[in-house]
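The next block holds one structure in the form of structure tokens; read it before the comments.
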There are 2 protein chains.
Amino acid sequence: MSKIGFIGLGIMGRPMAGHLLAGGHDLLLVKHSSPLPQELLDGGAVACASAQEVARQADIIIAIVPDTPQVEEVLFGDNGVAAGLKPGKLFIDMSSISPIETKDFAARINALGCDYLDAPVSGGEVGAKAASLTIMVGGPQAAFDRAKPLFDLMGQNITLVGENNGAGQTCKVANQIIVALNIEAVSEALLFASKAGVDPARVREALIGGFANSKILEVHGERMIKRTFDPGFRIGLHQKDLNIALSGARALGVSLPNTANAQELFNACQGHGLGDKDHSAMVRALEIMANHEIG
Amino acid sequence: MSKIGFIGLGIMGRPMAGHLLAGGHDLLLVKHSSPLPQELLDGGAVACASAQEVARQADIIIAIVPDTPQVEEVLFGDNGVAAGLKPGKLFIDMSSISPIETKDFAARINALGCDYLDAPVSGGEVGAKAASLTIMVGGPQAAFDRAKPLFDLMGQNITLVGENNGAGQTCKVANQIIVALNIEAVSEALLFASKAGVDPARVREALIGGFANSKILEVHGERMIKRTFDPGFRIGLHQKDLNIALSGARALGVSLPNTANAQELFNACQGHGLGDKDHSAMVRALEIMANHEIG
């Protein structure tokens, strides 16, 4: 059993930390102005004064926070993790952040004699609660092997994508590119059919099983037809992920024209107050342009 | 058993006509300057002087030709099908053409007292030979029921998408939109990962089974990684289908931004001499822009 520091107790982190505690590990948390989750304290989790103190007491420190600046703050801010590390410790970032800045963060943690894994997840709150997350990992094989028993408590489909840091984050970016573009594919196809006077539900059924089939056609296509846009995965979060894709693409000299378009449609959704809707509501941006609702 | 006229003996039509003949139907063909397929003549198919003569002798006339103008020529050109029709006959267009012009063609055939079905297929030469085509049908239920035994000889996944003519063609357009955009999704994601230094094969494996999964990630993603760009389905044909989508979108007042982008990438592929490659070679256009090949 390990002493695990866990930083970031949002809708993802809270159930994930709970699974580690239930797995018999010692859990160290950072004191907040708001109360820490009672079920974690009841399970024996210990509150520390700062991330630095968590890092001093723990063997492995896990963070899952909203975006790149928050990871930087957790690691290198005042009383941050880096100030409490000693050689041999392992830091695991399970946030979804920039793969390029991840390489920089990892180099600075490695310079302290510690290993770094980037290990973003997909599967959302449902996957976090059910311990069925997909976990995409970048970093050294030995560090991956050390972390694997913890990943097994939180997820099911766990892949070491590459032994370079950033490989996990890069894979997550690829995932979010495909999901966004497949949502736009289904949106454009069903809207075209509906505006042409054809029942989009019949079209979806006819296409499932053929070359147009995808998880998105099955799940998000149905949401578009049934007009169930409750998240799910919020448009605002997908915008953050596509921002990582597009700023990464700029840094790498890669042109991603459809990813850029999909982001613009999400921006239009924000303009119509849809930022908290499920990302399948991207179809609304196209519907507004076409002056026509499917279904 | 029916007397079936069959017009269009290309790589799709030839095996499809063969299945009808093998199913015990009488087959009427149009004489060409080039010889008719010997296996059809050996099976008892009869050559007629013109499409008009085929329509005069047959109960049901099937056409599968390259594009909208060819269907118009077959129907309404000199000595065309329309000139040979009498009330009660059925015309089935299995070509992939414009859903909008399909409505016009159907109205003109209906005015002659005949039924019209638009019944485009997907599945390619392999599906045509194996009689496993997906057939997407638009038109009256009674006409669909009359044609169903013939469809069963040629395909497996047969759907009456709608009782208005054009519904089948519209569904085929939706199919081709999704396939093109899913190809671009996988292309952008794998190219981003590869340029970031991550093995695209590992990324593809990590994503299969999650929300990014699709038939295209499985099949075309593998072609991109293994660099097997032999058709398959030729870029030139997919351009024709996206042209139908984009001109239809213009007529309908629907904006399809990513479909337009995907067509531009296919255009770029043509500029690089790739028009006869499989549509998964769309990734080449992005690779050329990024000055980087995946894999």
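Starting from 1 in every chain, residues are counted up; chains themselves are A, B, ... following the order of the structure tokens, and ligands are numbered from 1 as listed.
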
**OP:** Return as a PyMOL selection string the residues belonging to chain A that are within 7 Å of chain B, counting only C-alpha atoms.
**Re:** chain A and resi 159+161-162+167+170-171+174-175+177-179+181-182+185-186+188-190+192-193+195-196+198+202-203+206-207+211-216+249+252-256+258+261+286+289-290

**OP:** Mind the document's chain letters and residue numbers, and return as a ChimeraX atom specification the residues of range 32-242 of chain B that DSSP labels helix (DSSP H, G or I).
**Re:** /B:38-42,51-57,68-76,81-84,99-110,124-130,141-154,167-195,200-207,215-226,235-242

**OP:** Report the residues of range 26-239 of chain B whose backbone DSSP state falls under strand (DSSP E or B), written as a ChimeraX atom specification.
**Re:** /B:26-30,46-48,60-63,90-93,115-118,121-122,133-138,155-162,214,234

**OP:** Quick one: everything within 10 Å of range 104-114 of chain A, counting only C-alpha atoms, minus sequence neighbours fewer than 4 positions away in the same chain. Send it as a VMD selection string.
**Re:** chain A and resid 60 71 to 72 75 to 76 81 to 83 85 to 93 99 to 100 118 139 143 164 to 166

**OP:** Pick out the closest residue to Thr228 in chain A from this set: A:Leu274, A:Ala281, A:Ala17, A:Cys269. Count only C-alpha atoms.
**Re:**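 Result for the nearest residue to Thr228 in chain A: A:Ala281.
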
I want to know what sits within 9 Å of Gly13 in chain B, based on only C-alpha atoms, with residues of the same chain fewer than 3 positions away left out; could you give that as a compact mmCIF listing (two decimals) with all heavy atoms, in the first residue's frame?
# COMPACT_ATOMS: atom_id res chain seq x y z
N PHE B 6 -31.74 -4.18 -67.35
CA PHE B 6 -30.61 -3.74 -66.50
C PHE B 6 -29.68 -2.88 -67.34
O PHE B 6 -29.10 -3.35 -68.32
CB PHE B 6 -29.88 -4.96 -65.92
CG PHE B 6 -29.10 -4.63 -64.67
CD1 PHE B 6 -29.60 -4.96 -63.41
CD2 PHE B 6 -27.89 -3.95 -64.75
CE1 PHE B 6 -28.90 -4.63 -62.26
CE2 PHE B 6 -27.18 -3.62 -63.60
CZ PHE B 6 -27.68 -3.96 -62.35
N ILE B 7 -29.53 -1.63 -66.91
CA ILE B 7 -28.76 -0.66 -67.69
C ILE B 7 -27.59 -0.16 -66.86
O ILE B 7 -27.78 0.42 -65.77
CB ILE B 7 -29.66 0.52 -68.10
CG1 ILE B 7 -30.80 0.00 -69.00
CG2 ILE B 7 -28.84 1.60 -68.82
CD1 ILE B 7 -31.90 1.02 -69.27
N GLY B 8 -26.37 -0.42 -67.33
CA GLY B 8 -25.17 -0.02 -66.60
C GLY B 8 -24.44 -1.24 -66.09
O GLY B 8 -24.77 -1.76 -65.02
N LEU B 9 -23.46 -1.72 -66.89
CA LEU B 9 -22.78 -2.97 -66.54
C LEU B 9 -21.32 -2.70 -66.17
O LEU B 9 -20.40 -3.33 -66.67
CB LEU B 9 -22.90 -3.96 -67.70
CG LEU B 9 -24.35 -4.35 -68.04
CD1 LEU B 9 -24.42 -5.14 -69.35
CD2 LEU B 9 -24.98 -5.16 -66.90
N GLY B 10 -21.12 -1.74 -65.27
CA GLY B 10 -19.79 -1.43 -64.77
C GLY B 10 -19.36 -2.40 -63.68
O GLY B 10 -19.94 -3.49 -63.54
N MET B 16 -24.12 -7.37 -60.04
CA MET B 16 -25.51 -7.25 -59.56
C MET B 16 -26.48 -7.88 -60.57
O MET B 16 -27.40 -8.62 -60.19
CB MET B 16 -25.85 -5.77 -59.34
CG MET B 16 -25.12 -5.15 -58.14
SD MET B 16 -25.10 -3.33 -58.13
CE MET B 16 -26.82 -2.99 -57.77
N ALA B 17 -26.27 -7.60 -61.86
CA ALA B 17 -27.11 -8.20 -62.90
C ALA B 17 -26.97 -9.73 -62.89
O ALA B 17 -27.96 -10.47 -63.07
CB ALA B 17 -26.73 -7.63 -64.26
N GLY B 18 -25.74 -10.17 -62.64
CA GLY B 18 -25.50 -11.61 -62.57
C GLY B 18 -26.31 -12.28 -61.47
O GLY B 18 -26.85 -13.38 -61.66
N ALA B 63 -31.31 0.80 -63.30
CA ALA B 63 -30.12 1.46 -63.85
C ALA B 63 -29.11 1.70 -62.74
O ALA B 63 -29.48 2.02 -61.60
CB ALA B 63 -30.50 2.80 -64.49
N ILE B 64 -27.83 1.51 -63.07
CA ILE B 64 -26.77 1.92 -62.15
C ILE B 64 -25.63 2.48 -63.00
O ILE B 64 -24.86 1.76 -63.62
CB ILE B 64 -26.33 0.80 -61.18
CG1 ILE B 64 -25.21 1.30 -60.26
CG2 ILE B 64 -25.99 -0.50 -61.90
CD1 ILE B 64 -25.02 0.47 -59.00
N VAL B 65 -25.61 3.81 -63.08
CA VAL B 65 -24.68 4.53 -63.95
C VAL B 65 -23.95 5.58 -63.11
O VAL B 65 -24.27 5.77 -61.94
CB VAL B 65 -25.46 5.17 -65.14
CG1 VAL B 65 -26.02 4.07 -66.05
CG2 VAL B 65 -26.58 6.08 -64.64
N ALA B 128 -20.90 -5.79 -54.02
CA ALA B 128 -21.68 -6.15 -55.21
C ALA B 128 -21.45 -7.61 -55.58
O ALA B 128 -22.40 -8.35 -55.89
CB ALA B 128 -21.29 -5.24 -56.38

Subject >> Surrounding residues of Glu125 in chain A excluding itself and chain neighbours under 4 positions, 8 Å, only C-alpha atoms, as number ranges by chain >> reply: A: 11-12, 129

**OP:** Pick out the closest residue to Ala147 in chain A from this set: A:Val283, A:Leu27, A:Ile244, A:Leu20. Count only C-alpha atoms.
**Re:** A:Leu20

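Atom pair CA of Gly236 in chain A / CA of Gly80 in chain A: separated by 27.4 Å.
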